[in-house]
Each structure stands twice: as C-alpha cells, then as structure tokens.
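Listing of final_38.cif; format and content: mmCIF, C-alpha atoms.
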```cif
data_entry
#
loop_
_atom_site.label_atom_id
_atom_site.label_comp_id
_atom_site.auth_asym_id
_atom_site.auth_seq_id
_atom_site.Cartn_x
_atom_site.Cartn_y
_atom_site.Cartn_z
CA MET A 1 -45.87 22.18 15.00
CA TYR A 2 -44.08 24.70 17.24
CA LEU A 3 -45.71 27.60 15.41
CA ALA A 4 -49.08 25.90 15.79
CA ALA A 5 -48.55 25.64 19.55
CA LEU A 6 -47.45 29.27 19.86
CA TRP A 7 -49.86 30.96 17.45
CA LEU A 8 -53.05 28.89 17.29
CA HIS A 9 -55.64 28.34 19.99
CA GLY A 10 -57.95 25.60 21.17
CA VAL A 11 -58.43 22.44 19.17
CA ARG A 12 -56.79 23.99 16.08
CA ALA A 13 -53.49 24.21 17.94
CA PHE A 14 -53.64 20.54 18.91
CA LEU A 15 -54.56 19.55 15.38
CA GLY A 16 -51.66 21.61 14.05
CA ILE A 17 -49.26 19.75 16.32
CA GLY A 18 -50.70 16.44 15.17
CA LEU A 19 -50.22 17.37 11.52
CA GLY A 20 -46.65 18.43 12.22
CA VAL A 21 -45.83 15.20 14.04
CA ALA A 22 -47.44 13.18 11.22
CA ALA A 23 -45.35 14.99 8.61
CA ALA A 24 -42.17 14.38 10.62
CA LEU A 25 -43.06 10.73 11.02
CA LEU A 26 -43.42 10.27 7.27
CA THR A 27 -40.11 11.95 6.49
CA ARG A 28 -37.61 11.25 9.29
CA ASN A 29 -39.36 8.96 11.76
CA HIS A 30 -37.72 9.80 15.07
CA VAL A 31 -38.18 13.56 14.54
CA ALA A 32 -41.84 12.97 15.45
CA LEU A 33 -40.59 12.93 19.06
CA ILE A 34 -39.92 16.65 18.76
CA GLY A 35 -43.65 17.12 19.33
CA LEU A 36 -43.27 16.59 23.09
CA TRP A 37 -42.63 20.22 24.04
CA PRO A 38 -45.45 21.80 21.99
CA LEU A 39 -47.90 19.21 23.29
CA VAL A 40 -46.93 19.84 26.92
CA TYR A 41 -46.97 23.58 26.27
CA LEU A 42 -50.59 23.41 25.09
CA ILE A 43 -51.67 21.12 27.91
CA VAL A 44 -50.21 23.47 30.53
CA GLY A 45 -51.54 26.58 28.80
CA GLN A 46 -55.07 25.25 28.30
CA ARG A 47 -55.56 23.30 31.52
CA ALA A 48 -58.24 25.80 32.57
CA ILE A 49 -60.67 24.36 29.99
CA GLY A 50 -61.07 21.21 32.07
CA TRP A 51 -59.48 17.80 31.80
CA ARG A 52 -62.29 16.27 29.75
CA ARG A 53 -61.96 18.78 26.93
CA LEU A 54 -58.20 18.73 27.23
CA VAL A 55 -58.05 14.96 26.83
CA GLY A 56 -60.37 15.27 23.84
CA ASN A 57 -58.05 17.80 22.23
CA VAL A 58 -55.04 15.56 22.81
CA LEU A 59 -56.88 12.65 21.19
CA ILE A 60 -57.73 14.85 18.20
CA SER A 61 -54.03 15.69 17.81
CA GLY A 62 -53.36 11.97 17.52
CA ILE A 63 -55.66 11.45 14.50
CA PRO A 64 -53.17 12.70 11.85
CA VAL A 65 -50.45 10.63 13.53
CA LEU A 66 -52.54 7.45 13.30
CA VAL A 67 -53.25 8.17 9.63
CA ALA A 68 -49.53 8.68 9.00
CA LEU A 69 -48.70 5.41 10.78
CA ALA A 70 -51.25 3.58 8.64
CA LEU A 71 -49.82 5.07 5.44
CA PHE A 72 -46.29 4.27 6.53
CA GLY A 73 -47.23 0.69 7.39
CA ALA A 74 -48.99 0.25 4.05
CA TYR A 75 -45.96 1.59 2.20
CA ASP A 76 -43.58 -0.78 4.01
CA TYR A 77 -45.90 -3.72 3.38
CA LEU A 78 -46.25 -3.01 -0.32
CA ARG A 79 -42.53 -2.40 -0.82
CA PHE A 80 -40.89 -4.83 1.62
CA GLY A 81 -43.63 -7.34 2.42
CA SER A 82 -44.07 -6.38 6.09
CA VAL A 83 -45.33 -3.36 7.99
CA PHE A 84 -42.36 -3.81 10.35
CA ASP A 85 -39.70 -3.76 7.62
CA ASN A 86 -38.56 -0.25 6.71
CA GLY A 87 -35.90 -1.44 4.27
CA ILE A 88 -32.84 -0.68 6.37
CA SER A 89 -31.46 -4.17 5.72
CA TYR A 90 -31.14 -3.16 2.04
CA HIS A 91 -29.07 -0.10 2.84
CA GLN A 92 -26.01 0.11 0.58
CA MET A 93 -23.67 1.80 3.04
CA ASN A 94 -20.14 2.97 2.53
CA ALA A 95 -17.59 0.17 3.05
CA PHE A 96 -16.26 2.20 6.01
CA PHE A 97 -19.37 1.19 8.00
CA SER A 98 -20.11 -2.30 6.66
CA GLU A 99 -18.16 -4.33 9.23
CA ASP A 100 -19.77 -2.56 12.18
CA PHE A 101 -23.19 -2.96 10.58
CA LYS A 102 -22.70 -6.71 10.20
CA ARG A 103 -21.56 -7.01 13.80
CA TYR A 104 -23.74 -4.50 15.66
CA GLY A 105 -26.64 -3.67 13.32
CA ALA A 106 -27.97 -0.21 12.59
CA PHE A 107 -28.55 0.86 16.22
CA ASN A 108 -26.27 -0.08 19.07
CA LEU A 109 -24.55 1.41 22.12
CA HIS A 110 -21.31 0.60 20.34
CA TYR A 111 -21.81 3.70 18.18
CA LEU A 112 -22.46 6.09 21.09
CA PRO A 113 -18.87 7.23 21.82
CA THR A 114 -18.11 7.86 18.14
CA ASN A 115 -21.32 9.80 17.57
CA LEU A 116 -20.87 11.94 20.67
CA TYR A 117 -17.29 12.68 19.68
CA TYR A 118 -18.04 13.79 16.13
CA GLN A 119 -21.19 15.70 17.07
CA PHE A 120 -19.83 17.57 20.07
CA LEU A 121 -16.05 17.30 20.51
CA ALA A 122 -14.33 16.99 17.13
CA TYR A 123 -13.16 20.12 15.36
CA PRO A 124 -13.08 19.69 11.56
CA LEU A 125 -10.38 22.29 10.86
CA PRO A 126 -7.74 21.97 9.52
CA PHE A 127 -9.14 19.51 6.97
CA ASN A 128 -8.18 15.86 7.18
CA ASP A 129 -9.51 12.43 6.17
CA LEU A 130 -12.09 12.49 8.98
CA THR A 131 -13.28 16.08 8.52
CA PHE A 132 -16.53 14.98 6.93
CA MET A 133 -17.46 12.66 9.77
CA GLY A 134 -18.94 15.73 11.44
CA GLY A 135 -17.86 18.48 13.80
CA GLY A 136 -18.60 19.70 17.29
CA LEU A 137 -21.93 21.53 17.51
CA PHE A 138 -20.71 24.07 20.06
CA TRP A 139 -17.40 24.65 18.24
CA LEU A 140 -19.06 25.40 14.91
CA SER A 141 -22.18 27.12 16.31
CA PRO A 142 -20.85 28.66 19.55
CA VAL A 143 -23.96 30.75 20.15
CA PHE A 144 -25.66 27.50 21.17
CA ILE A 145 -23.51 27.55 24.30
CA ALA A 146 -26.20 29.86 25.67
CA SER A 147 -28.53 26.84 25.80
CA VAL A 148 -26.54 25.57 28.81
CA TRP A 149 -27.28 28.83 30.61
CA GLY A 150 -30.89 28.44 29.51
CA VAL A 151 -31.06 25.06 31.25
CA ILE A 152 -29.56 26.53 34.42
CA LYS A 153 -31.48 29.80 34.63
CA GLY A 154 -34.43 29.48 32.24
CA ARG A 155 -38.03 29.90 33.41
CA PRO A 156 -40.58 28.40 33.71
CA ARG A 157 -38.78 25.28 34.86
CA TRP A 158 -41.38 22.84 33.47
CA SER A 159 -40.77 24.31 30.02
CA VAL A 160 -36.99 24.10 30.35
CA TRP A 161 -37.00 20.46 31.41
CA THR A 162 -39.53 19.56 28.73
CA LEU A 163 -37.23 21.11 26.14
CA VAL A 164 -34.32 19.11 27.54
CA ALA A 165 -36.42 15.92 27.46
CA THR A 166 -37.50 16.66 23.88
CA ILE A 167 -33.89 17.09 22.76
CA GLY A 168 -32.94 13.89 24.58
CA LEU A 169 -35.71 11.88 22.94
CA VAL A 170 -34.85 13.07 19.45
CA ALA A 171 -31.10 12.75 19.98
CA THR A 172 -31.09 9.21 21.39
CA PRO A 173 -31.70 7.42 18.06
CA ILE A 174 -29.08 9.69 16.46
CA TRP A 175 -26.48 8.82 19.07
CA LEU A 176 -27.13 5.09 18.71
CA LEU A 177 -27.12 5.12 14.91
CA MET A 178 -24.42 3.62 12.74
CA GLY A 179 -22.60 6.55 11.17
CA THR A 180 -22.34 10.18 12.18
CA GLY A 181 -23.79 11.60 8.98
CA TRP A 182 -21.26 10.63 6.34
CA GLU A 183 -19.84 13.24 3.97
CA GLN A 184 -20.79 16.43 5.76
CA PHE A 185 -19.22 19.48 7.32
CA GLY A 186 -20.57 19.88 10.81
CA PRO A 187 -23.00 17.80 12.88
CA ARG A 188 -25.94 17.67 10.46
CA TYR A 189 -27.86 15.10 12.50
CA THR A 190 -28.19 17.65 15.30
CA LEU A 191 -30.45 19.64 12.96
CA ASP A 192 -33.18 17.24 14.08
CA PHE A 193 -33.40 18.94 17.48
CA THR A 194 -32.41 22.47 16.44
CA VAL A 195 -35.82 24.02 17.22
CA PRO A 196 -35.98 23.08 20.93
CA LEU A 197 -32.25 23.87 21.17
CA LEU A 198 -32.96 27.34 19.77
CA LEU A 199 -35.64 27.89 22.40
CA LEU A 200 -33.21 26.94 25.17
CA THR A 201 -30.63 29.23 23.59
CA ALA A 202 -33.14 32.08 23.54
CA LEU A 203 -33.77 31.58 27.26
CA GLY A 204 -30.05 31.63 28.01
CA ILE A 205 -29.08 34.52 25.78
CA ARG A 206 -31.42 37.13 27.20
CA ARG A 207 -28.75 38.95 29.21
CA TRP A 208 -25.86 38.39 26.81
CA PRO A 209 -24.34 41.51 25.21
CA LEU A 210 -25.54 41.93 21.64
CA LYS A 211 -21.94 42.31 20.45
CA ALA A 212 -21.06 38.90 21.90
CA VAL A 213 -24.03 37.28 20.15
CA ALA A 214 -23.13 38.95 16.85
CA PHE A 215 -19.48 37.86 17.15
CA LEU A 216 -20.35 34.22 17.88
CA THR A 217 -22.87 34.19 15.02
CA LEU A 218 -20.33 35.62 12.56
CA LEU A 219 -17.74 33.11 13.79
CA SER A 220 -20.16 30.30 13.01
CA ILE A 221 -20.93 31.68 9.54
CA MET A 222 -17.21 32.05 8.79
CA GLN A 223 -16.41 28.47 9.77
CA TYR A 224 -19.24 27.00 7.74
CA PHE A 225 -18.30 29.19 4.78
CA ILE A 226 -14.78 27.73 4.86
CA GLY A 227 -16.28 24.25 5.04
CA LEU A 228 -18.60 25.01 2.12
CA ILE A 229 -15.73 26.21 -0.05
CA TYR A 230 -13.64 23.16 0.73
CA TRP A 231 -16.59 20.82 0.20
CA GLY A 232 -17.37 22.42 -3.16
CA ALA A 233 -13.75 22.09 -4.26
CA MET A 234 -13.65 18.46 -3.22
CA VAL A 235 -16.89 17.59 -5.04
CA SER A 236 -15.87 19.39 -8.23
CA SER A 237 -12.60 17.46 -8.30
CA THR A 238 -14.30 14.04 -8.17
#
```
Starting from the file, lay out its structure as structure tokens.
Amino acid sequence: MYLAALWLHGVRAFLGIGLGVAAALLTRNHVALIGLWPLVYLIVGQRAIGWRRLVGNVLISGIPVLVALALFGAYDYLRFGSVFDNGISYHQMNAFFSEDFKRYGAFNLHYLPTNLYYQFLAYPLPFNDLTFMGGGLFWLSPVFIASVWGVIKGRPRWSVWTLVATIGLVATPIWLLMGTGWEQFGPRYTLDFTVPLLLLTALGIRRWPLKAVAFLTLLSIMQYFIGLIYWGAMVSST
C-alpha cells in the first residue's frame, strides 16, 4: 500500500491502498491500521483535484476493505457460528500465559508494562530462560534510533506526525496483547509497524555519517546472527 501511494497516481493509487489494507485485514487484522499514512499522503498530495473527486477516491479505496470485511465475517460465521467470533477463545496457549488469560482475557492494560519491557528495554544476551520473550527494538536494531531524530527534525511536519500516529495505532493492540511473541529472538511484533518506522528513520538519518549507519547495521546483523545460531541449536536439541 505504501508503494501504491508513492508510485501510482489518481484513483489507482487509492485503489492500491485499499487492496493493501484489505490484504492486511485478512491476514493480521490490526495491521490494516498501517494504511493511515499512505491515505493521508494521497489526500494531501491530490487535494488540488477538488474535494468532491477526492472524497470519491477515498470511497473507492474503501471498496476492497468492505469486501474483505464481508469475507472475514462469513469465514467467522461458518467456522465459529458468529461474525463477531474470531476463535480466540479456542486458543491453545502456552501454560505460561493461561492464568493471565483466564483473569484478564486476551487484551488488557495489565499486559502493557510487560510488552513494553520486552519490546523496548530487555536485552536478550547473554541467553537465559526469558531470552525468547523478546528483546529491545533499539538495542537489537540500533539504526532505528534515528527515528527519534526524524520525529524531532523531520519535514513536512504533517507527514511526521501521521507516521507517529500510524505507528501508535498499529502498536496499541500489540502492547495490550497477552504475550510478547513467544519463542522468538527480538521484538517480532514490532515488525507490524516497521514500514512507517523505516520512513521516520530515513528522515532522521539524512545527516548521519555513512560509517555510523554501516556500523549500527552490522551490529544489528551480528546480534541477530548470534540469536539465530542459538535458536537453531535449541530447536535441534528438542
């Protein structure tokens, strides 16, 4: 959907966003919220065509989304007996999470501190029993630190704050979700908002020395390579 917004023009761009949002909705529901920035980007960029045509284009972008919602509702009805039942109550979770699930459900503010810790603060090395609960995004992918500078200095400001809002919308369900992404090395749930985060990083990294960028990138690759080796050894031993 981001490529559609950047490369296509007119109604085709809006339709491309709609198709992208529909595909996200059918695979990982909340990722559909990532469509905020490309939609705003097109609205701002094409406002000269007049509000009537612009509103028409926005409505056209919603057609694939409505079709996806209908398909999703039909699937839930046929499988679980209700369009509002997505089957989460049948989830066979690890025993580590079962007590919290019984007490707080799948989404609750109770999970927020744990999710924030394992997605942004925890460092998974050296390996321990909680290594595969996650790992701090900015520790393991330090080049993303430039996104903070992008928020502070990036232009145009409407684009920056729309990117921040997009990340916030996509991240909120992740932060309230039971579990941090069990059996992983690194914060895999943050992959859901990687694209807008990359755009913010690109805005912040413009004046960074190339050597610094290369070093931080290699540091990230090295850490994940160590995690991959350890993960492979652990899996092969089970």
Of the candidates A:Ala212, A:Ala23, A:Val195, A:Ile17, which shows the shortest atom-to-atom distance to A:Pro142, using only C-alpha atoms?
->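 Of all the options, A:Ala212 lies closest to A:Pro142.
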Shortest interatomic distance to A:Pro187 - which of A:Ser61, A:Ser147, A:Thr131, A:Ser98, counting all atoms listed in the file =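 Of all the options, A:Thr131 lies closest to A:Pro187.
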What's the 12 Å shell around stretch 213-228 of chain A, counting only C-alpha atoms, without same-chain residues fewer than 3 positions away, as a PyMOL selection string?
-> chain A and resi 123-128+131-132+134-146+183-188+201-202+204-210+231-235
Point-to-point distance in Å for atom CA of A:Gln92 and atom CA of A:Arg28 | 18.3 Å
I want to know what sits within 10 Å of A:Pro38, based on only C-alpha atoms, with residues of the same chain fewer than 4 positions away left out; could you give that as a tab-separated table (two decimals) with C-alpha atoms, in the coordinates of the input?
```
chain	number	residue	atom	x	y	z
A	1	MET	CA	-45.87	22.18	15.00
A	2	TYR	CA	-44.08	24.70	17.24
A	3	LEU	CA	-45.71	27.60	15.41
A	4	ALA	CA	-49.08	25.90	15.79
A	5	ALA	CA	-48.55	25.64	19.55
A	6	LEU	CA	-47.45	29.27	19.86
A	13	ALA	CA	-53.49	24.21	17.94
A	14	PHE	CA	-53.64	20.54	18.91
A	17	ILE	CA	-49.26	19.75	16.32
A	34	ILE	CA	-39.92	16.65	18.76
A	42	LEU	CA	-50.59	23.41	25.09
A	43	ILE	CA	-51.67	21.12	27.91
A	44	VAL	CA	-50.21	23.47	30.53
A	159	SER	CA	-40.77	24.31	30.02
A	162	THR	CA	-39.53	19.56	28.73
A	163	LEU	CA	-37.23	21.11	26.14
A	166	THR	CA	-37.50	16.66	23.88
A	196	PRO	CA	-35.98	23.08	20.93
```
Non-local contacts of A:Phe84 (12 Å; only C-alpha atoms; under 3 positions in same chain excluded) as a PyMOL selection string | chain A and resi 69-70+72-81+87-89
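What separates atom CA of A:Val11 from atom CA of A:Leu199 is a distance of 23.7 Å.
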Smallest atom-to-atom distance to A:Met133: which of A:Gly179, A:Val164, A:Asn94, A:Lys102, using all atoms listed in the file?
->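 Checking each of A:Gly179, A:Val164, A:Asn94, A:Lys102 against A:Met133, counting all atoms listed in the file, the winner is A:Gly179.
Between A:Tyr41 and the residues A:Val160, A:Ala106, A:Ala24, A:Leu71, the shortest atom-to-atom distance, using all atoms listed in the file, involves A:Val160.
Evaluated on this file, the PyMOL selection byres ((chain A and resi 174) around 10) matches His30, Phe107, Tyr111, Leu112, Asn115, Leu116, Gln119, Gly168, Leu169, Val170, Ala171, Thr172, Pro173, Trp175, Leu176, Leu177, Met178, Gly179, Thr180, Gly181, Tyr189, Thr190 and Asp192 of chain A.
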Save out the residues we just selected, C-alpha atoms, as a tab-separated table (two decimals), in the coordinates of the input.
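And here is the file that came out, out_18.tsv:
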```tsv
chain	number	residue	atom	x	y	z
A	30	HIS	CA	-37.72	9.80	15.07
A	107	PHE	CA	-28.55	0.86	16.22
A	111	TYR	CA	-21.81	3.70	18.18
A	112	LEU	CA	-22.46	6.09	21.09
A	115	ASN	CA	-21.32	9.80	17.57
A	116	LEU	CA	-20.87	11.94	20.67
A	119	GLN	CA	-21.19	15.70	17.07
A	168	GLY	CA	-32.94	13.89	24.58
A	169	LEU	CA	-35.71	11.88	22.94
A	170	VAL	CA	-34.85	13.07	19.45
A	171	ALA	CA	-31.10	12.75	19.98
A	172	THR	CA	-31.09	9.21	21.39
A	173	PRO	CA	-31.70	7.42	18.06
A	175	TRP	CA	-26.48	8.82	19.07
A	176	LEU	CA	-27.13	5.09	18.71
A	177	LEU	CA	-27.12	5.12	14.91
A	178	MET	CA	-24.42	3.62	12.74
A	179	GLY	CA	-22.60	6.55	11.17
A	180	THR	CA	-22.34	10.18	12.18
A	181	GLY	CA	-23.79	11.60	8.98
A	189	TYR	CA	-27.86	15.10	12.50
A	190	THR	CA	-28.19	17.65	15.30
A	192	ASP	CA	-33.18	17.24	14.08
```
Give the answer as one residue: which of A:His9, A:Thr27, A:Ala95, A:Leu66 has the shortest atom-to-atom distance to A:Ile49, using only C-alpha atoms?
->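 Smallest distance to A:Ile49 is found for A:His9.
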Stretch 53-66 of chain A, all listed atoms, 4 Å padding on each side: what axis-aligned box centre and edge lengths in Å to one decimal come out, as AutoDock Vina command-line options?
```
--center_x -56.2 --center_y 13.1 --center_z 19.5 --size_x 19.5 --size_y 19.3 --size_z 23.4
```
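Here atom CA of A:Phe96 and atom CA of A:Ala122 stand 18.6 Å from one another.
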Nearest to A:Ala22 by atom-to-atom distance, counting only C-alpha atoms, from A:Arg103, A:Gly62, A:Gln46, A:Leu39 |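 Going through A:Arg103, A:Gly62, A:Gln46, A:Leu39 one by one, the smallest distance to A:Ala22 is for A:Gly62.
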Export N, CA and C atoms of stretch 108-146 of chain A from the structure just given, as a compact mmCIF listing (two decimals), in the first residue's frame?
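Here's the written file selection.txt:
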```
# COMPACT_ATOMS: atom_id res chain seq x y z
N ASN A 108 -5.60 -6.46 27.52
CA ASN A 108 -5.81 -5.78 28.79
C ASN A 108 -4.62 -4.88 29.10
N LEU A 109 -4.87 -3.79 29.81
CA LEU A 109 -3.78 -2.90 30.23
C LEU A 109 -2.78 -3.61 31.14
N HIS A 110 -3.21 -4.70 31.72
CA HIS A 110 -2.32 -5.49 32.59
C HIS A 110 -1.06 -5.93 31.85
N TYR A 111 -1.18 -6.16 30.55
CA TYR A 111 -0.05 -6.66 29.76
C TYR A 111 0.89 -5.56 29.29
N LEU A 112 0.49 -4.30 29.42
CA LEU A 112 1.25 -3.19 28.85
C LEU A 112 2.68 -3.10 29.38
N PRO A 113 2.91 -3.10 30.70
CA PRO A 113 4.30 -2.99 31.17
C PRO A 113 5.20 -4.12 30.67
N THR A 114 4.69 -5.35 30.68
CA THR A 114 5.49 -6.49 30.22
C THR A 114 5.83 -6.36 28.74
N ASN A 115 4.85 -6.00 27.94
CA ASN A 115 5.09 -5.86 26.49
C ASN A 115 6.08 -4.75 26.19
N LEU A 116 5.93 -3.62 26.84
CA LEU A 116 6.87 -2.51 26.62
C LEU A 116 8.28 -2.89 27.04
N TYR A 117 8.37 -3.63 28.14
CA TYR A 117 9.70 -4.03 28.62
C TYR A 117 10.39 -4.94 27.61
N TYR A 118 9.69 -5.98 27.16
CA TYR A 118 10.34 -6.96 26.28
C TYR A 118 10.47 -6.47 24.84
N GLN A 119 9.74 -5.45 24.46
CA GLN A 119 9.86 -4.93 23.11
C GLN A 119 10.84 -3.77 23.00
N PHE A 120 11.12 -3.10 24.13
CA PHE A 120 11.98 -1.92 24.03
C PHE A 120 13.13 -1.87 25.03
N LEU A 121 13.03 -2.54 26.17
CA LEU A 121 14.05 -2.40 27.21
C LEU A 121 14.92 -3.63 27.40
N ALA A 122 14.33 -4.81 27.32
CA ALA A 122 15.07 -6.04 27.62
C ALA A 122 16.16 -6.29 26.58
N TYR A 123 17.29 -6.80 27.07
CA TYR A 123 18.37 -7.20 26.17
C TYR A 123 18.53 -8.70 26.28
N PRO A 124 18.39 -9.45 25.20
CA PRO A 124 18.31 -10.91 25.27
C PRO A 124 19.64 -11.63 25.42
N LEU A 125 20.74 -10.91 25.46
CA LEU A 125 22.06 -11.53 25.63
C LEU A 125 22.65 -11.12 26.98
N PRO A 126 23.33 -12.02 27.71
CA PRO A 126 23.51 -13.44 27.40
C PRO A 126 22.19 -14.21 27.53
N PHE A 127 22.12 -15.39 26.95
CA PHE A 127 20.88 -16.15 26.91
C PHE A 127 20.46 -16.61 28.30
N ASN A 128 19.15 -16.58 28.50
CA ASN A 128 18.57 -17.04 29.77
C ASN A 128 17.17 -17.58 29.49
N ASP A 129 16.45 -17.94 30.53
CA ASP A 129 15.12 -18.54 30.37
C ASP A 129 14.12 -17.61 29.71
N LEU A 130 14.36 -16.29 29.81
CA LEU A 130 13.41 -15.32 29.27
C LEU A 130 13.90 -14.68 27.97
N THR A 131 15.00 -15.19 27.42
CA THR A 131 15.54 -14.62 26.18
C THR A 131 14.50 -14.57 25.08
N PHE A 132 13.71 -15.63 24.96
CA PHE A 132 12.79 -15.70 23.83
C PHE A 132 11.43 -15.08 24.11
N MET A 133 11.38 -14.23 25.14
CA MET A 133 10.21 -13.37 25.34
C MET A 133 10.29 -12.14 24.43
N GLY A 134 11.46 -11.88 23.89
CA GLY A 134 11.61 -10.73 23.01
C GLY A 134 12.97 -10.10 23.18
N GLY A 135 13.04 -8.80 22.91
CA GLY A 135 14.29 -8.06 23.02
C GLY A 135 14.08 -6.64 22.57
N GLY A 136 14.79 -5.72 23.18
CA GLY A 136 14.58 -4.31 22.89
C GLY A 136 14.84 -3.95 21.43
N LEU A 137 13.87 -3.32 20.80
CA LEU A 137 13.98 -2.94 19.39
C LEU A 137 15.21 -2.10 19.11
N PHE A 138 15.46 -1.09 19.95
CA PHE A 138 16.56 -0.17 19.68
C PHE A 138 17.91 -0.73 20.12
N TRP A 139 17.92 -1.77 20.99
CA TRP A 139 19.16 -2.46 21.30
C TRP A 139 19.59 -3.34 20.13
N LEU A 140 18.63 -4.09 19.59
CA LEU A 140 18.95 -5.07 18.56
C LEU A 140 18.99 -4.46 17.16
N SER A 141 18.28 -3.36 16.95
CA SER A 141 18.31 -2.66 15.66
C SER A 141 18.60 -1.19 15.93
N PRO A 142 19.82 -0.87 16.36
CA PRO A 142 20.12 0.49 16.83
C PRO A 142 19.99 1.58 15.78
N VAL A 143 20.00 1.21 14.50
CA VAL A 143 19.84 2.23 13.47
C VAL A 143 18.47 2.90 13.57
N PHE A 144 17.50 2.20 14.18
CA PHE A 144 16.17 2.78 14.34
C PHE A 144 16.15 3.94 15.33
N ILE A 145 17.23 4.14 16.06
CA ILE A 145 17.32 5.29 16.95
C ILE A 145 17.16 6.58 16.16
N ALA A 146 17.55 6.54 14.89
CA ALA A 146 17.41 7.73 14.03
C ALA A 146 15.96 8.16 13.87
```
